[in-house]
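Printed here is work-v3.txt (compact mmCIF, C-alpha atoms and all ligand atoms):
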# COMPACT_ATOMS: atom_id res chain seq x y z
CA MET U 851 22.10 -29.82 0.66
CA ILE U 852 21.87 -30.20 -3.09
CA ILE U 853 18.78 -28.85 -4.80
CA ASP U 854 17.70 -29.63 -8.35
CA PRO U 855 15.67 -26.66 -9.62
CA SER U 856 13.69 -28.94 -11.93
CA GLN U 857 12.35 -30.78 -8.85
CA GLN U 858 11.00 -27.60 -7.23
CA THR U 859 8.25 -25.15 -8.07
CA TYR U 860 9.27 -21.82 -9.58
CA LYS U 861 8.22 -20.18 -6.29
CA GLU U 862 10.68 -22.36 -4.35
CA ASN U 863 13.43 -21.48 -6.84
CA TYR U 864 12.51 -17.81 -6.46
CA LYS U 865 12.76 -18.04 -2.65
CA LEU U 866 16.19 -19.65 -2.90
CA MET U 867 17.44 -17.06 -5.37
CA ILE U 868 16.23 -13.98 -3.45
CA GLY U 869 17.72 -15.37 -0.24
CA SER U 870 21.08 -16.15 -1.89
CA ILE U 871 21.67 -13.21 -4.25
CA VAL U 872 22.04 -10.58 -1.54
CA PRO U 873 22.16 -7.70 -0.92
CA ARG U 874 20.61 -6.52 -4.16
CA PRO U 875 20.64 -2.90 -5.31
CA ILE U 876 17.22 -1.55 -6.26
CA ALA U 877 16.38 0.08 -9.58
CA PHE U 878 13.42 2.37 -8.93
CA VAL U 879 12.22 2.68 -12.51
CA SER U 880 10.16 5.55 -13.86
CA SER U 881 8.44 5.10 -17.21
CA LEU U 882 5.53 6.51 -19.21
CA SER U 883 2.70 4.58 -20.80
CA ALA U 884 1.89 5.14 -24.48
CA ASP U 885 -0.89 7.44 -23.21
CA GLY U 886 1.53 9.42 -21.03
CA VAL U 887 0.63 8.01 -17.57
CA ARG U 888 3.60 8.13 -15.18
CA ASN U 889 4.68 4.84 -13.63
CA LEU U 890 7.16 3.98 -10.87
CA ALA U 891 8.20 0.51 -9.68
CA PRO U 892 11.19 -1.07 -7.88
CA PHE U 893 13.23 -3.95 -9.37
CA SER U 894 16.07 -5.67 -7.53
CA PHE U 895 17.11 -8.21 -10.16
CA PHE U 896 19.28 -5.33 -11.33
CA THR U 897 22.91 -4.73 -12.26
CA GLY U 898 25.32 -2.92 -14.56
CA ILE U 899 26.57 -4.64 -17.74
CA SER U 900 29.17 -2.63 -19.65
CA THR U 901 30.58 0.88 -19.53
CA GLN U 902 31.15 1.58 -23.23
CA PRO U 903 28.36 2.26 -23.84
CA PRO U 904 27.22 2.45 -20.21
CA THR U 905 24.48 -0.15 -19.89
CA ILE U 906 22.37 -1.58 -17.10
CA CYS U 907 19.79 -4.35 -16.94
CA PHE U 908 16.91 -5.40 -14.73
CA THR U 909 14.27 -8.10 -14.91
CA SER U 910 10.53 -7.70 -14.94
CA SER U 911 8.99 -11.03 -13.94
CA ARG U 912 5.47 -12.00 -14.85
CA ARG U 913 2.94 -11.29 -12.10
CA ALA U 914 2.57 -14.29 -9.79
CA SER U 915 -1.18 -13.57 -9.40
CA ASP U 916 -2.21 -13.76 -13.07
CA GLY U 917 0.97 -14.41 -15.12
CA CYS U 918 0.62 -11.02 -16.87
CA ARG U 919 3.41 -8.64 -17.82
CA LYS U 920 4.08 -5.65 -15.56
CA ASP U 921 3.30 -2.05 -16.55
CA THR U 922 6.99 -1.07 -16.52
CA LEU U 923 7.83 -3.61 -19.25
CA ASN U 924 4.78 -2.64 -21.35
CA ASN U 925 5.70 1.05 -21.04
CA ILE U 926 9.36 0.56 -21.94
CA GLU U 927 8.52 -1.58 -24.96
CA ALA U 928 5.96 1.04 -26.07
CA THR U 929 8.18 4.13 -25.61
CA GLY U 930 11.79 2.84 -25.62
CA GLU U 931 12.70 5.02 -22.62
CA PHE U 932 12.94 4.90 -18.83
CA VAL U 933 14.85 6.29 -15.84
CA VAL U 934 16.57 4.21 -13.14
CA ASN U 935 16.48 6.05 -9.81
CA MET U 936 18.66 4.75 -6.98
CA VAL U 937 17.02 4.05 -3.64
CA SER U 938 18.46 5.74 -0.55
CA GLU U 939 17.24 5.38 3.04
CA ASP U 940 15.16 8.56 2.62
CA ILE U 941 12.87 7.12 -0.08
CA VAL U 942 12.58 3.49 0.92
CA VAL U 943 9.00 3.88 2.22
CA PRO U 944 7.56 5.59 -0.91
CA MET U 945 9.56 3.10 -3.03
CA ASN U 946 7.74 0.26 -1.28
CA GLU U 947 4.36 1.91 -1.93
CA CYS U 948 5.05 1.65 -5.66
CA ALA U 949 5.49 -2.14 -5.43
CA THR U 950 1.73 -2.63 -5.28
CA ASP U 951 0.06 -3.78 -8.49
CA PHE U 952 -1.86 -0.61 -9.38
CA SER U 953 -3.81 -0.45 -12.62
CA PRO U 954 -1.92 1.13 -15.55
CA ASP U 955 -3.90 4.41 -15.33
CA VAL U 956 -2.61 5.18 -11.80
CA ASP U 957 0.17 7.80 -11.51
CA GLU U 958 2.56 6.24 -8.98
CA PHE U 959 4.42 9.52 -8.41
CA GLU U 960 1.15 10.80 -6.89
CA VAL U 961 0.55 7.60 -4.91
CA ALA U 962 4.03 7.79 -3.36
CA GLY U 963 4.14 11.58 -2.97
CA LEU U 964 7.41 11.79 -4.92
CA THR U 965 8.45 14.71 -7.12
CA PRO U 966 8.58 14.15 -10.89
CA VAL U 967 11.47 16.19 -12.31
CA ALA U 968 11.65 16.59 -16.09
CA SER U 969 14.42 14.49 -17.66
CA GLU U 970 16.66 15.99 -20.35
CA ARG U 971 17.20 13.18 -22.87
CA VAL U 972 14.12 10.98 -22.30
CA ARG U 973 10.43 11.70 -21.67
CA PRO U 974 9.82 9.81 -18.39
CA PRO U 975 10.57 12.09 -15.41
CA ARG U 976 13.15 11.21 -12.78
CA VAL U 977 12.45 11.04 -9.04
CA GLY U 978 13.54 14.37 -7.54
CA GLU U 979 14.22 12.80 -4.12
CA SER U 980 16.56 10.13 -5.52
CA PRO U 981 20.29 10.93 -5.03
CA ILE U 982 21.34 9.33 -8.35
CA SER U 983 19.32 8.75 -11.53
CA PHE U 984 20.20 7.31 -14.92
CA GLU U 985 18.23 8.44 -17.97
CA CYS U 986 18.07 5.35 -20.20
CA LYS U 987 17.09 4.34 -23.72
CA LEU U 988 16.01 0.77 -24.37
CA TYR U 989 18.87 -1.26 -25.87
CA GLN U 990 17.27 -4.71 -25.99
CA THR U 991 14.84 -7.01 -24.21
CA LEU U 992 15.22 -10.75 -23.78
CA SER U 993 12.32 -12.93 -22.60
CA ILE U 994 13.10 -16.08 -20.68
CA GLY U 995 10.75 -18.89 -19.63
CA PRO U 996 7.01 -19.28 -20.05
CA GLU U 997 4.54 -16.60 -21.09
CA GLY U 998 3.00 -16.93 -17.64
CA ALA U 999 3.94 -16.89 -13.95
CA GLY U 1000 7.63 -17.66 -13.43
CA GLY U 1001 8.72 -16.19 -16.77
CA GLY U 1002 10.57 -12.91 -16.98
CA THR U 1003 12.01 -10.33 -19.37
CA LEU U 1004 15.47 -8.87 -19.09
CA ILE U 1005 15.44 -5.18 -19.99
CA ILE U 1006 18.77 -3.74 -21.10
CA GLY U 1007 19.09 0.03 -21.13
CA GLU U 1008 21.80 2.38 -22.32
CA ILE U 1009 22.47 5.24 -19.91
CA VAL U 1010 22.27 8.47 -21.91
CA LEU U 1011 22.56 10.86 -18.95
CA PHE U 1012 23.68 10.55 -15.31
CA HIS U 1013 22.27 12.74 -12.53
CA VAL U 1014 24.30 12.74 -9.31
CA ARG U 1015 23.46 15.03 -6.38
CA ASP U 1016 26.42 17.42 -6.07
CA ASP U 1017 27.19 16.67 -2.41
CA LEU U 1018 27.69 12.94 -3.10
CA PHE U 1019 31.09 13.45 -4.77
CA ASP U 1020 34.43 13.71 -2.99
CA GLU U 1021 37.26 15.75 -4.55
CA ARG U 1022 38.20 12.79 -6.82
CA ARG U 1023 34.62 12.34 -8.04
CA ARG U 1024 34.10 9.17 -6.04
CA ILE U 1025 30.65 8.65 -4.53
CA LEU U 1026 30.57 9.06 -0.75
CA MET U 1027 28.55 6.15 0.62
CA GLU U 1028 27.76 7.93 3.89
CA ARG U 1029 25.97 10.63 1.87
CA PHE U 1030 24.42 8.30 -0.71
CA ARG U 1031 23.03 5.93 1.99
CA PRO U 1032 21.87 3.22 -0.47
CA VAL U 1033 19.47 0.49 0.60
CA GLY U 1034 19.77 -3.14 -0.50
CA ARG U 1035 17.09 -5.79 -0.74
CA LEU U 1036 17.43 -9.12 1.04
CA GLY U 1037 14.92 -11.99 0.96
CA GLY U 1038 11.20 -11.30 1.57
CA PRO U 1039 10.44 -7.95 3.24
CA GLU U 1040 13.98 -7.47 4.59
CA TYR U 1041 16.33 -4.66 3.56
CA THR U 1042 19.83 -3.65 4.56
CA LYS U 1043 21.74 -0.38 4.94
CA ILE U 1044 25.48 0.05 4.39
CA GLY U 1045 27.07 -1.54 7.47
CA GLU U 1046 30.71 -2.10 8.39
CA ARG U 1047 33.05 -1.52 5.43
CA PHE U 1048 36.59 -2.78 4.78
CA LYS U 1049 39.21 -2.50 2.05
CA LEU U 1050 41.05 -5.17 0.07
CA GLU U 1051 43.74 -3.95 -2.33
CA ARG U 1052 44.19 -6.11 -5.42
CA LYS U 1053 47.61 -7.68 -5.99
CA LYS U 1054 49.56 -6.65 -9.09
CA PRO U 1055 50.07 -9.50 -11.63
CA PRO U 1056 53.55 -11.14 -11.37
CA ALA U 1057 56.19 -9.60 -13.68
CA GLY U 1058 56.41 -11.42 -17.03
CA GLY U 1059 52.78 -12.63 -16.88
C1 LIG U 1101 12.44 -3.90 -3.32
C2 LIG U 1101 11.62 -4.58 -4.39
C3 LIG U 1101 12.24 -5.21 -5.45
C4 LIG U 1101 11.51 -5.80 -6.48
N1 LIG U 1101 12.16 -6.41 -7.49
C5 LIG U 1101 11.47 -6.93 -8.53
C6 LIG U 1101 12.14 -7.53 -9.63
O1 LIG U 1101 13.39 -7.59 -9.69
N2 LIG U 1101 11.40 -8.01 -10.66
C7 LIG U 1101 10.02 -7.90 -10.66
O2 LIG U 1101 9.38 -8.33 -11.62
N3 LIG U 1101 9.35 -7.37 -9.62
C8 LIG U 1101 10.04 -6.86 -8.56
N4 LIG U 1101 9.37 -6.29 -7.52
C9 LIG U 1101 7.89 -6.19 -7.58
C10 LIG U 1101 7.44 -5.01 -8.46
O3 LIG U 1101 7.97 -3.79 -7.97
C11 LIG U 1101 5.90 -4.92 -8.45
O4 LIG U 1101 5.37 -6.07 -9.07
C12 LIG U 1101 5.34 -3.67 -9.10
O5 LIG U 1101 3.99 -3.52 -8.77
C13 LIG U 1101 5.49 -3.64 -10.60
O6 LIG U 1101 4.92 -2.44 -11.04
P1 LIG U 1101 4.48 -2.14 -12.52
O7 LIG U 1101 3.35 -3.08 -12.90
O8 LIG U 1101 4.03 -0.71 -12.41
O9 LIG U 1101 5.68 -2.33 -13.40
C14 LIG U 1101 10.08 -5.76 -6.44
C15 LIG U 1101 9.44 -5.14 -5.34
C16 LIG U 1101 10.20 -4.57 -4.32
C17 LIG U 1101 9.51 -3.91 -3.16
Show me, as structure tokens, the structure contained in the file I just sent.
Amino acid sequence: MIIDPSQQTYKENYKLMIGSIVPRPIAFVSSLSADGVRNLAPFSFFTGISTQPPTICFTSSRRASDGCRKDTLNNIEATGEFVVNMVSEDIVVPMNECATDFSPDVDEFEVAGLTPVASERVRPPRVGESPISFECKLYQTLSIGPEGAGGGTLIIGEIVLFHVRDDLFDERRRILMERFRPVGRLGGPEYTKIGERFKLERKKPPAGG
């Protein structure tokens, strides 16, 4: 089947994208409002960009209900700081509780019963129960599409400090997946755990180019 996105609604395009771009890692983002209210929300349009400097990005879409911007984006633009907490099997339920559209004065750490741990280089706290967190400073934002439902803003952050739970590393400082136990997002309410794994070694380039 061939599908022209211009002939579909943005909701149909969204459905196709979240069912195709899978599994997606989840950035569980902590931020602070200009007034200092703690906020937590998950974002799965999320990936790494470069490593020098180490940068990540995620997208905050406009709310489907009213076309407004989300609290996370408002907070990051106001303060220039945030923390990306990785989602393991242990915190998937509280993570999901933070995906409800609470008003900006609600502390989502309290709603989810998660532990705010003071960050070292940024003001928003990290999630104590998360196995890996990245303290980030805002690098750049890029808005795409309408200033209403369907539009979104890409948020690029520079990682200024990594937190990795000690037991996640093997002797060569590689992350042990069986200890990390990350969760990925599929389409709709479906998630996935790490399943069967396999290795593929990359071939060396032929001699002489
Ligand atoms: C696993 C998961 C992934 C999500 N990914 C995104 C995303 O990539 N972009 C987005 O705008 N909303 C995403 N959401 C919805 C937001 O988390 C939700 O709108 C949240 O209430 C935003 O909170 P905020 O207003 O405090 O920023 C996701 C929700 C879940 C449960």
Centre and size of axis-aligned box enclosing ligand LIG 1101 (chain U) plus 8 Å each side, as JSON:
{"center_x": 8.4, "center_y": -4.5, "center_z": -8.3, "size_x": 26.0, "size_y": 23.6, "size_z": 26.2}
Q: Compute the set of protein, DNA and RNA residues whose minimum atom distance to ligand LIG 1101 (chain U) is at most 9 Å, using all atoms listed in the file, and state it as a PyMOL selection string.
A: chain U and resi 874-881+889-896+908-914+919-925+942+945-954+956+958+1002-1003+1034-1036+1038-1041
Okay, now the selection with C-alpha atoms, as a JSON list (two decimals), in the frame of the given file?
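Below you can see result16.json, which holds the result:
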[["chain", "number", "residue", "atom", "x", "y", "z"],
["U", 874, "ARG", "CA", 20.61, -6.52, -4.16],
["U", 875, "PRO", "CA", 20.64, -2.90, -5.31],
["U", 876, "ILE", "CA", 17.22, -1.55, -6.26],
["U", 877, "ALA", "CA", 16.38, 0.08, -9.58],
["U", 878, "PHE", "CA", 13.42, 2.37, -8.93],
["U", 879, "VAL", "CA", 12.22, 2.68, -12.51],
["U", 880, "SER", "CA", 10.16, 5.55, -13.86],
["U", 881, "SER", "CA", 8.44, 5.10, -17.21],
["U", 889, "ASN", "CA", 4.68, 4.84, -13.63],
["U", 890, "LEU", "CA", 7.16, 3.98, -10.87],
["U", 891, "ALA", "CA", 8.20, 0.51, -9.68],
["U", 892, "PRO", "CA", 11.19, -1.07, -7.88],
["U", 893, "PHE", "CA", 13.23, -3.95, -9.37],
["U", 894, "SER", "CA", 16.07, -5.67, -7.53],
["U", 895, "PHE", "CA", 17.11, -8.21, -10.16],
["U", 896, "PHE", "CA", 19.28, -5.33, -11.33],
["U", 908, "PHE", "CA", 16.91, -5.40, -14.73],
["U", 909, "THR", "CA", 14.27, -8.10, -14.91],
["U", 910, "SER", "CA", 10.53, -7.70, -14.94],
["U", 911, "SER", "CA", 8.99, -11.03, -13.94],
["U", 912, "ARG", "CA", 5.47, -12.00, -14.85],
["U", 913, "ARG", "CA", 2.94, -11.29, -12.10],
["U", 914, "ALA", "CA", 2.57, -14.29, -9.79],
["U", 919, "ARG", "CA", 3.41, -8.64, -17.82],
["U", 920, "LYS", "CA", 4.08, -5.65, -15.56],
["U", 921, "ASP", "CA", 3.30, -2.05, -16.55],
["U", 922, "THR", "CA", 6.99, -1.07, -16.52],
["U", 923, "LEU", "CA", 7.83, -3.61, -19.25],
["U", 924, "ASN", "CA", 4.78, -2.64, -21.35],
["U", 925, "ASN", "CA", 5.70, 1.05, -21.04],
["U", 942, "VAL", "CA", 12.58, 3.49, 0.92],
["U", 945, "MET", "CA", 9.56, 3.10, -3.03],
["U", 946, "ASN", "CA", 7.74, 0.26, -1.28],
["U", 947, "GLU", "CA", 4.36, 1.91, -1.93],
["U", 948, "CYS", "CA", 5.05, 1.65, -5.66],
["U", 949, "ALA", "CA", 5.49, -2.14, -5.43],
["U", 950, "THR", "CA", 1.73, -2.63, -5.28],
["U", 951, "ASP", "CA", 0.06, -3.78, -8.49],
["U", 952, "PHE", "CA", -1.86, -0.61, -9.38],
["U", 953, "SER", "CA", -3.81, -0.45, -12.62],
["U", 954, "PRO", "CA", -1.92, 1.13, -15.55],
["U", 956, "VAL", "CA", -2.61, 5.18, -11.80],
["U", 958, "GLU", "CA", 2.56, 6.24, -8.98],
["U", 1002, "GLY", "CA", 10.57, -12.91, -16.98],
["U", 1003, "THR", "CA", 12.01, -10.33, -19.37],
["U", 1034, "GLY", "CA", 19.77, -3.14, -0.50],
["U", 1035, "ARG", "CA", 17.09, -5.79, -0.74],
["U", 1036, "LEU", "CA", 17.43, -9.12, 1.04],
["U", 1038, "GLY", "CA", 11.20, -11.30, 1.57],
["U", 1039, "PRO", "CA", 10.44, -7.95, 3.24],
["U", 1040, "GLU", "CA", 13.98, -7.47, 4.59],
["U", 1041, "TYR", "CA", 16.33, -4.66, 3.56]]
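Near Arg1015 in chain U, within 9 Å and counting all atoms listed in the file, sit U:Ser980, U:Pro981, U:Ile982, U:Phe1030, not including residues fewer than 5 positions from it in the same chain.
Here the selection is built from only C-alpha atoms, and the residues within 7 Å of (15.5, 5.4, -21.2) turn out to be Gly930, Glu931, Phe932, Val933, Val972, Glu985, Cys986, Lys987, Leu988 and Gly1007 of chain U.
Note that the spacing between CA of Ala884 in chain U and CA of Ala928 in chain U amounts to 6.0 Å.
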Q: Quote the spacing between CA of Thr965 in chain U and CA of Ser983 in chain U in Å to one decimal place.
A: 13.2 Å
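From CA of Thr905 in chain U back to CA of Tyr989 in chain U, the distance works out to 8.3 Å.
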Q: Excluding Arg976 in chain U and residues on its chain fewer than 2 positions from it, collect all residues at most 7 Å away from it, counting only C-alpha atoms, and give them as a ChimeraX atom specification.
A: /U:880,933,935,966-969,974,978,983
Generate a file of the selected residues that holds C-alpha atoms, formatted as a PDB file, keeping the file's coordinate frame.
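What follows is the written file selection.pdb:
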ATOM      1  CA  SER U 880      10.160   5.550 -13.860  1.00  0.00           C
ATOM      2  CA  VAL U 933      14.850   6.290 -15.840  1.00  0.00           C
ATOM      3  CA  ASN U 935      16.480   6.050  -9.810  1.00  0.00           C
ATOM      4  CA  PRO U 966       8.580  14.150 -10.890  1.00  0.00           C
ATOM      5  CA  VAL U 967      11.470  16.190 -12.310  1.00  0.00           C
ATOM      6  CA  ALA U 968      11.650  16.590 -16.090  1.00  0.00           C
ATOM      7  CA  SER U 969      14.420  14.490 -17.660  1.00  0.00           C
ATOM      8  CA  PRO U 974       9.820   9.810 -18.390  1.00  0.00           C
ATOM      9  CA  GLY U 978      13.540  14.370  -7.540  1.00  0.00           C
ATOM     10  CA  SER U 983      19.320   8.750 -11.530  1.00  0.00           C
TER      11      SER U 983
END
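Taking all atoms listed in the file into account, Glu970 in chain U lies nearest to U:Phe984 out of the set U:Cys907, U:Ile1005, U:Pro855, U:Phe984.
For the residues U:Pro975, U:Ser900, U:Cys918, U:Glu1046, ranking by smallest atom-to-atom distance to Gly1001 in chain U using all atoms listed in the file places U:Cys918 first.
Within the 12 Å cut-off around Ile853 in chain U, using only C-alpha atoms and omitting residues fewer than 5 positions from it on the same chain, the listed residues are U:Gln858, U:Thr859, U:Glu862, U:Asn863, U:Leu866, U:Met867.
Distance annotation: of U:Thr991, U:Ile1006, U:Glu997, U:Ser883, the residue with the minimal separation from Pro904 in chain U is U:Ile1006; atom set is only C-alpha atoms.
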